[in-house]
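Asks: So here's entry_8.cif, just mmCIF, C-alpha atoms and all ligand atoms:
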```
data_input
#
loop_
_atom_site.label_atom_id
_atom_site.label_comp_id
_atom_site.auth_asym_id
_atom_site.auth_seq_id
_atom_site.Cartn_x
_atom_site.Cartn_y
_atom_site.Cartn_z
CA MET C 1 7.74 29.98 7.89
CA LYS C 2 4.78 31.22 5.89
CA GLN C 3 6.13 34.74 6.34
CA LEU C 4 9.57 33.75 5.07
CA PHE C 5 8.00 32.15 2.01
CA GLY C 6 5.98 35.32 1.43
CA TYR C 7 9.08 37.54 1.58
CA PHE C 8 10.95 35.30 -0.86
CA LEU C 9 7.99 35.27 -3.22
CA ILE C 10 7.61 39.06 -3.23
CA ALA C 11 11.35 39.71 -3.63
CA GLY C 12 11.65 37.03 -6.33
CA GLY C 13 8.66 38.49 -8.19
CA PHE C 14 10.13 41.98 -7.94
CA VAL C 15 13.53 40.88 -9.35
CA PHE C 16 11.77 38.92 -12.10
CA ALA C 17 9.77 42.01 -13.09
CA ILE C 18 12.92 44.18 -13.22
CA VAL C 19 14.79 41.64 -15.38
CA LEU C 20 11.84 41.34 -17.76
CA GLY C 21 11.46 45.13 -17.91
CA VAL C 22 15.15 45.71 -18.69
CA THR C 23 15.11 42.95 -21.31
CA PHE C 24 12.16 44.46 -23.17
CA TYR C 25 13.64 47.95 -22.86
CA ILE C 26 16.91 46.76 -24.45
CA LEU C 27 15.08 44.81 -27.15
CA ARG C 28 13.17 47.92 -28.16
CA LYS C 29 16.01 50.40 -27.86
CA PHE C 30 18.56 48.37 -29.80
CA LYS C 31 16.23 46.95 -32.39
CA VAL C 32 18.00 46.69 -35.76
CA SER C 33 15.66 47.36 -38.64
CA ASP C 34 18.22 48.67 -41.07
CA HIS C 35 21.32 46.46 -41.18
CA SER C 36 23.46 49.18 -42.73
CA LYS C 37 23.18 51.16 -39.49
CA GLN C 38 24.29 48.27 -37.27
CA HIS C 39 26.52 50.28 -34.99
CA PHE C 40 25.90 51.55 -31.46
CA ASP C 41 28.01 53.63 -29.20
CA THR C 42 28.30 51.46 -26.08
CA HIS C 43 30.27 52.21 -22.92
CA GLU C 44 30.19 50.82 -19.38
CA SER C 45 28.28 52.65 -16.67
CA HIS C 46 29.80 52.51 -13.18
CA LYS C 47 26.59 53.88 -11.77
CA VAL C 48 24.58 50.90 -13.05
CA GLU C 49 27.21 48.43 -11.86
CA TYR C 50 27.30 49.78 -8.31
CA LEU C 51 23.53 49.93 -8.20
CA THR C 52 23.04 46.28 -9.25
CA ILE C 53 25.82 44.96 -6.98
CA GLY C 54 24.43 46.95 -4.04
CA PHE C 55 20.85 45.84 -4.67
CA ALA C 56 21.79 42.16 -5.00
CA SER C 57 23.96 42.28 -1.85
CA VAL C 58 21.23 43.85 0.26
CA LEU C 59 18.77 41.17 -0.93
CA VAL C 60 21.12 38.25 -0.22
CA VAL C 61 22.14 39.49 3.23
CA SER C 62 18.58 40.31 4.31
CA PHE C 63 17.38 36.85 3.31
CA LEU C 64 20.26 35.23 5.16
CA VAL C 65 19.18 37.11 8.31
CA LEU C 66 15.49 36.22 7.80
CA ALA C 67 16.29 32.54 7.14
CA ILE C 68 18.49 32.25 10.25
CA GLY C 69 15.66 33.78 12.29
CA ALA C 70 13.16 31.27 10.87
CA ILE C 71 15.46 28.30 11.54
CA ASN C 72 15.92 29.47 15.12
CA LYS C 73 12.17 29.72 15.54
CA ILE C 74 11.55 26.20 14.19
CA GLN C 75 14.41 24.37 15.89
CA THR C 76 14.91 26.34 19.08
CA PRO C 77 17.78 24.89 21.14
CA ILE C 78 16.43 22.69 23.93
CA PRO C 79 16.93 24.29 27.35
CA GLU C 80 19.23 22.40 29.71
CA GLY C 81 17.38 19.75 31.71
CA LYS C 82 14.12 20.14 29.74
CA GLU C 83 12.25 16.83 29.60
CA PRO C 84 10.12 15.99 26.53
CA ASP C 85 6.37 16.56 26.90
CA ILE C 86 5.64 13.64 24.60
CA ILE C 87 7.66 10.64 23.42
CA ILE C 88 6.62 9.11 20.10
CA THR C 89 8.01 5.78 18.96
CA GLY C 90 7.68 4.51 15.41
CA HIS C 91 6.84 0.84 14.94
CA GLN C 92 6.08 -1.17 11.81
CA TRP C 93 3.36 0.23 11.22
CA TRP C 94 1.93 2.30 13.99
CA TRP C 95 2.86 5.06 16.39
CA GLU C 96 3.28 4.63 20.13
CA ILE C 97 2.54 7.83 22.01
CA ASN C 98 3.76 8.37 25.55
CA TYR C 99 3.02 11.24 27.90
CA PRO C 100 5.84 10.54 30.38
CA SER C 101 4.80 13.01 33.09
CA GLU C 102 1.16 11.84 32.92
CA GLY C 103 1.70 8.08 32.74
CA VAL C 104 -0.52 7.89 29.67
CA VAL C 105 0.18 5.63 26.69
CA ALA C 106 -1.81 5.94 23.48
CA ALA C 107 -1.41 4.86 19.87
CA ASN C 108 -1.70 6.46 16.43
CA GLU C 109 -3.72 9.49 17.53
CA LEU C 110 -1.81 12.29 19.14
CA HIS C 111 -3.86 14.57 21.37
CA ILE C 112 -2.30 17.89 22.29
CA PRO C 113 -3.36 21.17 23.91
CA ILE C 114 -3.39 24.26 21.68
CA GLU C 115 -0.93 27.12 22.01
CA LYS C 116 1.59 25.33 24.20
CA ARG C 117 4.90 24.68 22.48
CA LEU C 118 5.58 20.99 23.04
CA LEU C 119 8.92 19.27 23.01
CA VAL C 120 8.56 15.88 21.33
CA ARG C 121 11.17 13.14 21.49
CA LEU C 122 11.16 10.77 18.52
CA GLU C 123 12.32 7.16 18.69
CA SER C 124 12.07 4.02 16.60
CA LYS C 125 11.70 0.39 17.63
CA ASP C 126 12.65 -1.23 14.34
CA VAL C 127 13.52 0.62 11.13
CA ILE C 128 13.87 4.29 10.20
CA HIS C 129 10.54 6.10 10.18
CA ASP C 130 9.98 9.81 9.68
CA TRP C 131 7.58 11.99 11.64
CA TYR C 132 5.86 14.70 9.61
CA VAL C 133 2.76 16.73 10.41
CA PRO C 134 3.29 19.69 8.06
CA ALA C 135 0.96 22.16 9.80
CA LEU C 136 2.53 21.70 13.23
CA GLY C 137 6.28 21.69 12.73
CA ARG C 138 9.22 20.34 10.83
CA LYS C 139 9.72 16.73 9.78
CA MET C 140 12.25 14.56 11.51
CA ASP C 141 13.69 11.07 11.09
CA MET C 142 13.05 8.46 13.76
CA ILE C 143 16.17 6.34 14.01
CA PRO C 144 16.60 3.16 16.08
CA GLY C 145 18.97 3.82 18.96
CA GLN C 146 18.94 7.60 18.56
CA SER C 147 16.65 10.22 20.08
CA ASN C 148 15.66 13.14 17.87
CA TYR C 149 13.63 16.14 18.97
CA VAL C 150 11.09 18.45 17.36
CA TRP C 151 9.00 21.30 18.67
CA MET C 152 5.30 21.12 17.95
CA GLN C 153 2.63 23.76 18.32
CA ALA C 154 -0.99 24.00 17.22
CA LEU C 155 -2.56 27.45 17.32
CA GLU C 156 -6.12 26.38 16.50
CA PRO C 157 -8.10 23.44 17.84
CA GLY C 158 -8.90 20.76 15.26
CA HIS C 159 -7.59 17.77 13.37
CA TYR C 160 -4.18 17.83 11.71
CA ASP C 161 -3.01 15.12 9.32
CA GLY C 162 0.44 13.72 8.88
CA ALA C 163 2.15 10.58 7.68
CA CYS C 164 5.34 8.61 7.95
CA ASN C 165 7.75 10.12 5.42
CA GLU C 166 10.42 7.45 5.16
CA TYR C 167 9.76 4.17 3.39
CA CYS C 168 9.66 1.65 6.21
CA GLY C 169 8.25 -1.52 4.66
CA ALA C 170 5.06 -3.02 3.28
CA GLN C 171 2.58 -0.81 5.14
CA HIS C 172 4.52 2.46 5.07
CA ALA C 173 1.55 4.05 3.30
CA TRP C 174 -0.68 3.15 6.25
CA MET C 175 1.33 4.84 8.89
CA ARG C 176 -0.81 7.95 8.98
CA ILE C 177 -0.78 10.40 11.85
CA LEU C 178 -3.85 12.07 13.26
CA VAL C 179 -3.20 14.95 15.63
CA VAL C 180 -6.17 16.27 17.59
CA ALA C 181 -5.53 19.70 19.10
CA HIS C 182 -7.82 20.63 22.01
CA GLU C 183 -8.59 23.71 24.05
CA GLN C 184 -6.78 23.35 27.37
CA ASN C 185 -9.82 22.22 29.41
CA GLU C 186 -10.87 19.67 26.79
CA TYR C 187 -7.33 18.37 26.67
CA GLU C 188 -7.33 17.88 30.41
CA LYS C 189 -10.58 15.99 30.17
CA TRP C 190 -9.09 13.74 27.50
CA LEU C 191 -6.02 13.13 29.69
CA ALA C 192 -8.19 12.28 32.68
CA ASP C 193 -10.14 9.74 30.57
CA GLN C 194 -6.93 8.17 29.31
CA LYS C 195 -5.61 7.79 32.85
CA LYS C 196 -8.58 5.64 33.78
CA LYS C 197 -8.16 1.90 33.74
CA ALA C 198 -9.97 -0.13 31.11
CA SER C 199 -13.77 -0.32 31.21
CA ILE C 200 -15.00 -3.45 32.95
CA PRO C 201 -16.83 -5.79 30.56
CA GLN C 202 -20.57 -5.60 31.29
CA THR C 203 -22.52 -7.88 29.00
CA ALA C 204 -22.07 -11.64 28.73
CA LEU C 205 -20.66 -11.14 25.23
CA GLN C 206 -18.09 -8.61 26.44
CA LYS C 207 -17.08 -10.89 29.29
CA LYS C 208 -16.61 -13.73 26.85
CA GLY C 209 -14.48 -11.44 24.68
CA ALA C 210 -12.28 -10.54 27.67
CA LYS C 211 -11.68 -14.23 28.32
CA ILE C 212 -10.79 -14.87 24.66
CA PHE C 213 -8.38 -11.93 24.79
CA GLN C 214 -6.51 -13.61 27.67
CA ASP C 215 -6.80 -17.22 26.42
CA LYS C 216 -5.74 -16.53 22.84
CA VAL C 217 -2.57 -14.81 23.99
CA CYS C 218 -3.55 -11.39 22.57
CA SER C 219 -2.05 -10.19 25.85
CA ASN C 220 1.40 -11.35 24.72
CA CYS C 221 1.57 -8.26 22.54
CA HIS C 222 -1.10 -5.80 23.69
CA ALA C 223 -1.58 -4.05 27.00
CA ILE C 224 -4.96 -3.27 28.55
CA GLN C 225 -4.43 -1.29 31.76
CA GLY C 226 -6.27 -2.71 34.72
CA THR C 227 -6.03 -6.28 33.42
CA GLY C 228 -3.06 -8.62 33.49
CA ALA C 229 -2.11 -7.54 29.97
CA VAL C 230 0.93 -5.24 30.08
CA ALA C 231 2.96 -6.10 26.95
CA GLY C 232 4.00 -3.22 24.72
CA ILE C 233 4.72 -4.96 21.42
CA GLY C 234 1.52 -3.90 19.69
CA PRO C 235 -0.61 -0.82 20.39
CA ASP C 236 -2.01 -0.30 23.91
CA LEU C 237 -5.72 -1.14 23.73
CA THR C 238 -6.89 0.33 27.04
CA HIS C 239 -8.95 3.01 25.27
CA LEU C 240 -9.20 1.47 21.81
CA GLY C 241 -12.89 2.30 21.46
CA SER C 242 -12.22 6.02 21.93
CA ARG C 243 -10.01 6.28 18.85
CA GLU C 244 -11.32 7.60 15.55
CA THR C 245 -9.27 5.32 13.33
CA LEU C 246 -7.64 1.90 13.39
CA LEU C 247 -4.45 0.49 11.87
CA GLY C 248 -2.49 3.70 11.41
CA GLY C 249 -5.42 5.46 9.76
CA LYS C 250 -6.45 2.65 7.41
CA LEU C 251 -9.96 2.10 8.80
CA ARG C 252 -12.52 4.26 10.60
CA ASN C 253 -12.96 2.78 14.03
CA GLY C 254 -16.21 0.90 14.52
CA PRO C 255 -17.45 -2.56 15.45
CA GLY C 256 -17.63 -3.60 11.78
CA SER C 257 -14.10 -2.57 10.84
CA LEU C 258 -12.68 -3.93 14.09
CA LYS C 259 -14.28 -7.29 13.39
CA ASP C 260 -12.98 -7.33 9.79
CA TRP C 261 -9.49 -6.73 11.11
CA LEU C 262 -9.70 -9.49 13.72
CA ARG C 263 -11.14 -11.89 11.16
CA ASP C 264 -8.28 -11.58 8.69
CA PRO C 265 -5.48 -9.16 9.62
CA GLN C 266 -3.34 -10.00 6.59
CA LYS C 267 -6.18 -9.25 4.23
CA VAL C 268 -6.85 -5.85 5.79
CA LYS C 269 -3.23 -4.81 6.29
CA PRO C 270 -0.84 -7.20 4.49
CA GLY C 271 2.48 -7.59 6.27
CA ALA C 272 1.16 -6.38 9.63
CA HIS C 273 2.65 -8.23 12.59
CA MET C 274 -0.76 -9.26 13.87
CA PRO C 275 -1.20 -13.03 13.42
CA ASP C 276 -4.43 -14.60 12.19
CA PHE C 277 -5.98 -16.50 15.09
CA LEU C 278 -8.67 -18.11 12.91
CA PHE C 279 -11.39 -16.94 15.29
CA THR C 280 -14.86 -18.37 14.84
CA GLU C 281 -17.71 -15.98 14.04
CA GLU C 282 -18.88 -16.30 17.65
CA GLU C 283 -15.43 -15.49 19.01
CA LEU C 284 -15.16 -12.52 16.66
CA ASN C 285 -18.46 -11.11 17.93
CA ALA C 286 -17.37 -11.48 21.55
CA LEU C 287 -13.90 -10.04 21.02
CA THR C 288 -15.26 -7.09 19.04
CA ALA C 289 -17.85 -6.36 21.71
CA TYR C 290 -15.17 -6.44 24.41
CA LEU C 291 -12.56 -4.34 22.60
CA TYR C 292 -14.95 -1.73 21.22
CA ASN C 293 -16.29 -1.21 24.74
CA LEU C 294 -12.82 -0.05 25.85
CA LYS C 295 -13.53 3.68 25.57
CU1 LIG S 301 7.04 4.33 9.03
CU2 LIG S 301 7.20 4.80 6.77
#
```
Could you spell out this file's structure in structure tokens?

Replies:
Amino acid sequence: MKQLFGYFLIAGGFVFAIVLGVTFYILRKFKVSDHSKQHFDTHESHKVEYLTIGFASVLVVSFLVLAIGAINKIQTPIPEGKEPDIIITGHQWWWEINYPSEGVVAANELHIPIEKRLLVRLESKDVIHDWYVPALGRKMDMIPGQSNYVWMQALEPGHYDGACNEYCGAQHAWMRILVVAHEQNEYEKWLADQKKKASIPQTALQKKGAKIFQDKVCSNCHAIQGTGAVAGIGPDLTHLGSRETLLGGKLRNGPGSLKDWLRDPQKVKPGAHMPDFLFTEEELNALTAYLYNLK
């Protein structure tokens, strides 16, 4: 894509320079300083006409060919029977990330290996969202009841930012995407960690938090693998503590921000579907300790 843009820029600049040059040439040549001599011998030149038509045609056709090549590269037809590597589902206002062949479910942060060209299936649970990570591929609508596909590829390890690109309600602005591209061996390590069941609560505080999680019906919406909680309405929390951000990129993950969120969800992210459970300070401490321990 960058190449195609470069070609267009160079060709456009070249044509612009020619037009400017010819304009100034004509302005100088046909400058009228003495109005009594306002007469020029003009006649058409077939040579100039053929030259300009030929030049313009070659430019237009070559860019058509280059553009078709670029489109083919970006949206390569999906081979028959090819299953998606990753399935991403848009929710108000977070991303569910599934690695179907690995049995791994994550949220909001997409981890991928570098170099490999990944087929991503895009879905929506509620309204129309729009997946867009500019550095890694094209943007694509996520439409309820319809599967759309994009190819994604990162050439360098690192963090890539993206965001939802279709207005989808109150917290559309906080539907950020963080893609973390790993070297192959690091990616495999990440996958192996994600496959593990949730960390067992160790301290008394963490144990208390685990009990609150079950008693206060958090488990009606959130799954924590290895416990009885399997619901998929809100983000999977099995490895919540390992994530860099919370709430679709709104907060850096940490005990403090997690506690703020649990204390008053509507204040932190107005409109979010997380109810306010009116936890006491003691309950907040326990729940934070439990959830942040889920690495
Ligand atoms: Cu989702 Cu905007």

Asks: Counting only C-alpha atoms, select every polymer residue within 6 Å of (-3.0, -1.5, 10.8) as defined in the file's coordinates, and provide the selection as a ChimeraX atom specification.

Replies: /C:247-248,269

Asks: Near stretch 148-152 of chain C, counting only C-alpha atoms, which residues have an atom at most 9 Å away, once you skip same-chain residues fewer than 4 positions from it, shown as a PyMOL selection string?

Replies: chain C and resi 74-76+78+84+116-123+136-143

Asks: Have a look at C:Val65, C:Cys168, C:Ala17, C:Ile86 and name the one nearest to ligand LIG 301 (chain S); count only C-alpha atoms and all ligand atoms.

Replies: C:Cys168

Asks: Give the residues close to ligand LIG 301 (chain S), within 10 Å, counting all atoms listed in the file; write them as a PyMOL selection string.

Replies: chain C and resi 90-95+124+126-131+141-142+163-176+248

Asks: Between C:Lys82, C:Lys47, C:Lys196, C:His111, which one has atoms that come closest to C:Ile224, using all atoms listed in the file?

Replies: C:Lys196

Asks: Identify, on the basis of all atoms listed in the file, every residue whose closest approach to C:Leu66 does not exceed 9 Å; exclude the query and any residue fewer than 5 positions from it along the same chain; express the result as a ChimeraX atom specification.

Replies: /C:4,61,71

Asks: When you look at C:Glu156 with a cut-off of 8 Å (counting only C-alpha atoms), what residues show up, excluding the ones that are within fewer than 2 positions of it in the same chain? I need them as a PyMOL selection string.

Replies: chain C and resi 114-115+154+158+181

Asks: In Å, how far is it from atom CA of C:Ala272 to atom CA of C:Ile112?

Replies: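 Answer for the atom CA of C:Ala272 to atom CA of C:Ile112 separation: 27.6 Å.
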
Asks: May I have the residues within 12 Å of C:Val60 as a VMD selection string, using all atoms listed in the file and disregarding those fewer than 6 positions away in the same chain?

Replies: chain C and resid 8 11 to 12 53 to 54 66 to 67

Asks: So which residues touch C:Gln266 within 12 Å, counting all atoms listed in the file, skipping near sequence neighbours fewer than 2 positions away, as a list in words?

Replies: Ala170, Gln171, Leu247, Asp260, Trp261, Leu262, Arg263, Asp264, Val268, Lys269, Pro270, Gly271, Ala272, His273, Met274, Pro275, Asp276, Phe277 and Leu278 of chain C

Asks: Do you have the atom CA of C:Gly6-atom CA of C:Tyr132 distance handy?

Replies: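 Computing the Euclidean distance for atom CA of C:Gly6 and atom CA of C:Tyr132 yields 22.2 Å.
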
Asks: At a cut-off of 7 Å around the point (-9.0, 14.2, 23.0) (file coordinates), what residues fall inside when counting only C-alpha atoms? I'd like the answer as a list in words.

Replies: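 Taken together, the residues in range are His111, Val180, His182, Glu186, Tyr187 and Trp190 of chain C.
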
Asks: Save out the residues we just selected, C-alpha atoms, as a short mmCIF file (atom, residue, chain, number, x, y, z; two decimals), in the coordinates of the input.

Replies:
```
data_model
loop_
_atom_site.label_atom_id
_atom_site.label_comp_id
_atom_site.auth_asym_id
_atom_site.auth_seq_id
_atom_site.Cartn_x
_atom_site.Cartn_y
_atom_site.Cartn_z
CA HIS C 111 -3.86 14.57 21.37
CA VAL C 180 -6.17 16.27 17.59
CA HIS C 182 -7.82 20.63 22.01
CA GLU C 186 -10.87 19.67 26.79
CA TYR C 187 -7.33 18.37 26.67
CA TRP C 190 -9.09 13.74 27.50
#
```

Asks: Could you please determine the separation between atom CA of C:Ala135 and atom CA of C:Leu155 in Å, to one decimal place?

Replies: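 So the answer is 9.8 Å.
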
Asks: Go through C:Leu294, C:Val104, C:Phe63, C:Ala286 one by one, measure the shortest atom-to-atom distance of each to C:Gln206 using all atoms listed in the file, and give the residue with the smallest value.

Replies: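 Closest to C:Gln206, using all atoms listed in the file: C:Ala286.
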
Asks: Which residue gives the smallest distance to C:Thr245 among C:Cys221, C:Gln194, C:Leu291, C:Leu178, with all atoms listed in the file counted?

Replies: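 Distance minimum relative to C:Thr245 lands on C:Leu178.
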
Asks: In terms of the shortest atom-to-atom distance over only C-alpha atoms, which of C:Val133, C:Ala70, C:His43, C:Lys250 is closest to C:Lys2?

Replies: C:Ala70

Asks: Could you check which of C:Asn72, C:Val105, C:Asp85, C:Lys189 is closest to C:Gln153, using all atoms listed in the file?

Replies: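 Ranked by minimum distance to C:Gln153, first place goes to C:Asp85.
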